[in-house]
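I have placed the structure first, in the form of structure tokens, so that the comments after it can refer back to it.
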Amino acid sequence: MNTIQETVLLNEDKYIPPKVEANAVKDKIWYLDNGASNHMNDNYSYFSELNKNITGRVRFGDGSCVSIKGKGSILFDGKSSEKKLIKDIYYIPSLRSNVISLGQSTIADYDIPMRDDFLTMRHGDGRLLMKVPRNENQFYKIKLKVGKPYYLQAKFNEEAWLWHARLGHINFGAVNLMHKLAKGVPTI
């Protein structure tokens, strides 16, 4: 497979990543950040899918660099047991904070006003996803619960899941593309 090199540029030359929370809390804390151009996470186990062939580096405003070791998606659990998949998150093992890029979120059709002491994030259809208070350091941070992908609980007696396994557990979009290209491959 070909490795894809990606370069991540930050919107501000002086951007320095936020200080790390205590370890027990750090994994649950996500910073909603205007200065970061991309979503970033350091916990491999959070990814429901990860392409390790995407690599590169991120340079911060303090001159430090960290290596990108992949790009994928993370599934989050909402308060009312709904699930939300966030895509295009860089896997950076040496990262010290979990980051959701507000700029990248607006590209993905989220409306993100910051008024008074709150940041709200709504989907393009108006559904409220989160309302986050600004803290004393002018950061917006939120505890998010990483969900477990529901498709891991699928039964292998379903033909579509058998094809997913037969094709080496490729992503579901690829299985659906195979359906269009080859007879006998079902859609998921």
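In the structure tokens, chains take letters A, B, ... by order of appearance, with residues numbered from 1 within each chain and ligands from 1 in the order shown.
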Practice item. Find the spatial neighbours of Ile92 in chain A, counting only C-alpha atoms, within a cut-off of 9 Å - ignore same-chain residues fewer than 5 positions away - and output them as a list in words. Key: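 Neighbouring residues, sequence-local ones excluded: Met40, Asn41, Asp42, Asn43, Tyr44, Arg57, Val58, Val66, Ser67, Ile68, Lys69, Gly70 and Lys71 of chain A.
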If you take only C-alpha atoms and a cut-off of 7 Å, which residues of range 24-76 of chain A touch range 97-110 of chain A, and what are their nearest atom pairs and distances in Å to one decimal, in chain and number order, as a tab-separated table?
```
residue	atom	partner	partner_atom	distance
A:Ile29	CA	A:Asn98	CA	6.7
A:Trp30	CA	A:Asn98	CA	4.8
A:Tyr31	CA	A:Val99	CA	4.9
A:Leu32	CA	A:Ile100	CA	4.9
A:Asp33	CA	A:Ser101	CA	5.1
A:Asn34	CA	A:Leu102	CA	5.3
A:Ala36	CA	A:Ser101	CA	5.4
A:Ser37	CA	A:Ser101	CA	5.8
A:Asn38	CA	A:Ser101	CA	5.1
A:His39	CA	A:Ile100	CA	4.5
A:Met40	CA	A:Val99	CA	5.1
A:Asn41	CA	A:Asn98	CA	4.8
A:Asp42	CA	A:Asn98	CA	7.0
```
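Closest approach to Ile86 in chain A from the set A:Pro113, A:Val146, A:Glu136, A:Asp62 is made by A:Val146, with distances taken over only C-alpha atoms.
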Please list as a PDB file with N, CA, C and O atoms, in the first residue's frame every residue within 9 Å of Gly147 in chain A, counting only C-alpha atoms and excluding residues in the same chain fewer than 2 positions away.
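The result, written out as part_4.pdb:
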```pdb
ATOM      1  N   TYR A  46      -9.409   4.414  20.664  1.00  0.00           N
ATOM      2  CA  TYR A  46     -10.628   5.187  20.408  1.00  0.00           C
ATOM      3  C   TYR A  46     -11.130   5.044  18.971  1.00  0.00           C
ATOM      4  O   TYR A  46     -12.297   5.243  18.692  1.00  0.00           O
ATOM      5  N   SER A  48     -12.607   3.839  15.619  1.00  0.00           N
ATOM      6  CA  SER A  48     -13.436   2.754  15.098  1.00  0.00           C
ATOM      7  C   SER A  48     -12.917   2.320  13.737  1.00  0.00           C
ATOM      8  O   SER A  48     -13.156   1.197  13.309  1.00  0.00           O
ATOM      9  N   ILE A  74     -13.801   8.367  14.953  1.00  0.00           N
ATOM     10  CA  ILE A  74     -14.094   7.995  16.333  1.00  0.00           C
ATOM     11  C   ILE A  74     -15.589   8.174  16.554  1.00  0.00           C
ATOM     12  O   ILE A  74     -16.170   9.174  16.147  1.00  0.00           O
ATOM     13  N   LEU A  75     -16.191   7.176  17.207  1.00  0.00           N
ATOM     14  CA  LEU A  75     -17.617   7.188  17.511  1.00  0.00           C
ATOM     15  C   LEU A  75     -17.805   7.685  18.942  1.00  0.00           C
ATOM     16  O   LEU A  75     -17.159   7.195  19.863  1.00  0.00           O
ATOM     17  N   PHE A  76     -18.685   8.669  19.125  1.00  0.00           N
ATOM     18  CA  PHE A  76     -18.966   9.218  20.449  1.00  0.00           C
ATOM     19  C   PHE A  76     -20.396   8.890  20.856  1.00  0.00           C
ATOM     20  O   PHE A  76     -21.290   8.847  20.012  1.00  0.00           O
ATOM     21  N   ASP A  77     -20.598   8.663  22.155  1.00  0.00           N
ATOM     22  CA  ASP A  77     -21.933   8.444  22.715  1.00  0.00           C
ATOM     23  C   ASP A  77     -22.502   9.770  23.170  1.00  0.00           C
ATOM     24  O   ASP A  77     -21.826  10.535  23.862  1.00  0.00           O
ATOM     25  N   GLY A  78     -23.757  10.034  22.794  1.00  0.00           N
ATOM     26  CA  GLY A  78     -24.441  11.230  23.245  1.00  0.00           C
ATOM     27  C   GLY A  78     -25.201  10.972  24.538  1.00  0.00           C
ATOM     28  O   GLY A  78     -25.244   9.854  25.044  1.00  0.00           O
ATOM     29  N   LYS A  83     -25.507   8.140  18.819  1.00  0.00           N
ATOM     30  CA  LYS A  83     -24.081   8.038  18.534  1.00  0.00           C
ATOM     31  C   LYS A  83     -23.737   9.015  17.420  1.00  0.00           C
ATOM     32  O   LYS A  83     -24.527   9.262  16.530  1.00  0.00           O
ATOM     33  N   LYS A  84     -22.537   9.577  17.496  1.00  0.00           N
ATOM     34  CA  LYS A  84     -22.070  10.523  16.489  1.00  0.00           C
ATOM     35  C   LYS A  84     -20.669  10.139  16.064  1.00  0.00           C
ATOM     36  O   LYS A  84     -19.773  10.015  16.891  1.00  0.00           O
ATOM     37  N   LYS A 145     -17.682  10.952  25.800  1.00  0.00           N
ATOM     38  CA  LYS A 145     -17.561   9.514  25.996  1.00  0.00           C
ATOM     39  C   LYS A 145     -17.414   8.844  24.637  1.00  0.00           C
ATOM     40  O   LYS A 145     -18.274   8.984  23.767  1.00  0.00           O
ATOM     41  N   PRO A 149     -18.290   0.873  18.460  1.00  0.00           N
ATOM     42  CA  PRO A 149     -19.025   0.696  17.208  1.00  0.00           C
ATOM     43  C   PRO A 149     -20.025  -0.451  17.310  1.00  0.00           C
ATOM     44  O   PRO A 149     -19.673  -1.543  17.744  1.00  0.00           O
ATOM     45  N   TYR A 150     -21.264  -0.191  16.922  1.00  0.00           N
ATOM     46  CA  TYR A 150     -22.312  -1.202  17.019  1.00  0.00           C
ATOM     47  C   TYR A 150     -22.104  -2.346  16.050  1.00  0.00           C
ATOM     48  O   TYR A 150     -22.547  -3.442  16.285  1.00  0.00           O
TER      49      TYR A 150
END
```
**Study point:** Distance query Arg115 in chain A at most 10 Å, only C-alpha atoms, self and fewer than 5 positions along chain excluded, as a list in words
**Key:**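 Residues meeting the cut-off are Thr120, Pro133 and Arg134 of chain A.
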Prev. selection, N, CA and C atoms, output as a PDB file, in the first residue's frame:
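Result file is result-v1.pdb:
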```
ATOM      1  N   THR A 120     -21.817  26.863  21.232  1.00  0.00           N
ATOM      2  CA  THR A 120     -22.789  25.817  20.904  1.00  0.00           C
ATOM      3  C   THR A 120     -22.419  25.230  19.553  1.00  0.00           C
ATOM      4  N   PRO A 133     -19.411  25.646  28.152  1.00  0.00           N
ATOM      5  CA  PRO A 133     -19.033  26.919  28.769  1.00  0.00           C
ATOM      6  C   PRO A 133     -17.542  27.221  28.535  1.00  0.00           C
ATOM      7  N   ARG A 134     -17.214  28.499  28.419  1.00  0.00           N
ATOM      8  CA  ARG A 134     -15.819  28.922  28.309  1.00  0.00           C
ATOM      9  C   ARG A 134     -15.225  28.888  29.710  1.00  0.00           C
TER      10      ARG A 134
END
```
Exercise for review: Please run DSSP on the backbone and report, as a list in words, all residues within range 84-170 of chain A that come out as alpha helix (DSSP H).
Suggested key: Leu102, Gly103, Gln104, Ser105, Thr106, Ile107, Glu159, Ala160, Trp161, Leu162, Trp163, His164, Ala165 and Arg166 of chain A
Point to revise | Residues of range 34-149 of chain A in strand (DSSP E or B), written as a PyMOL selection string | key: chain A and resi 39-41+47-51+54-59+65-68+71-77+83-91+98-101+110-111+114-115+118-123+128-134+140-143+145-146
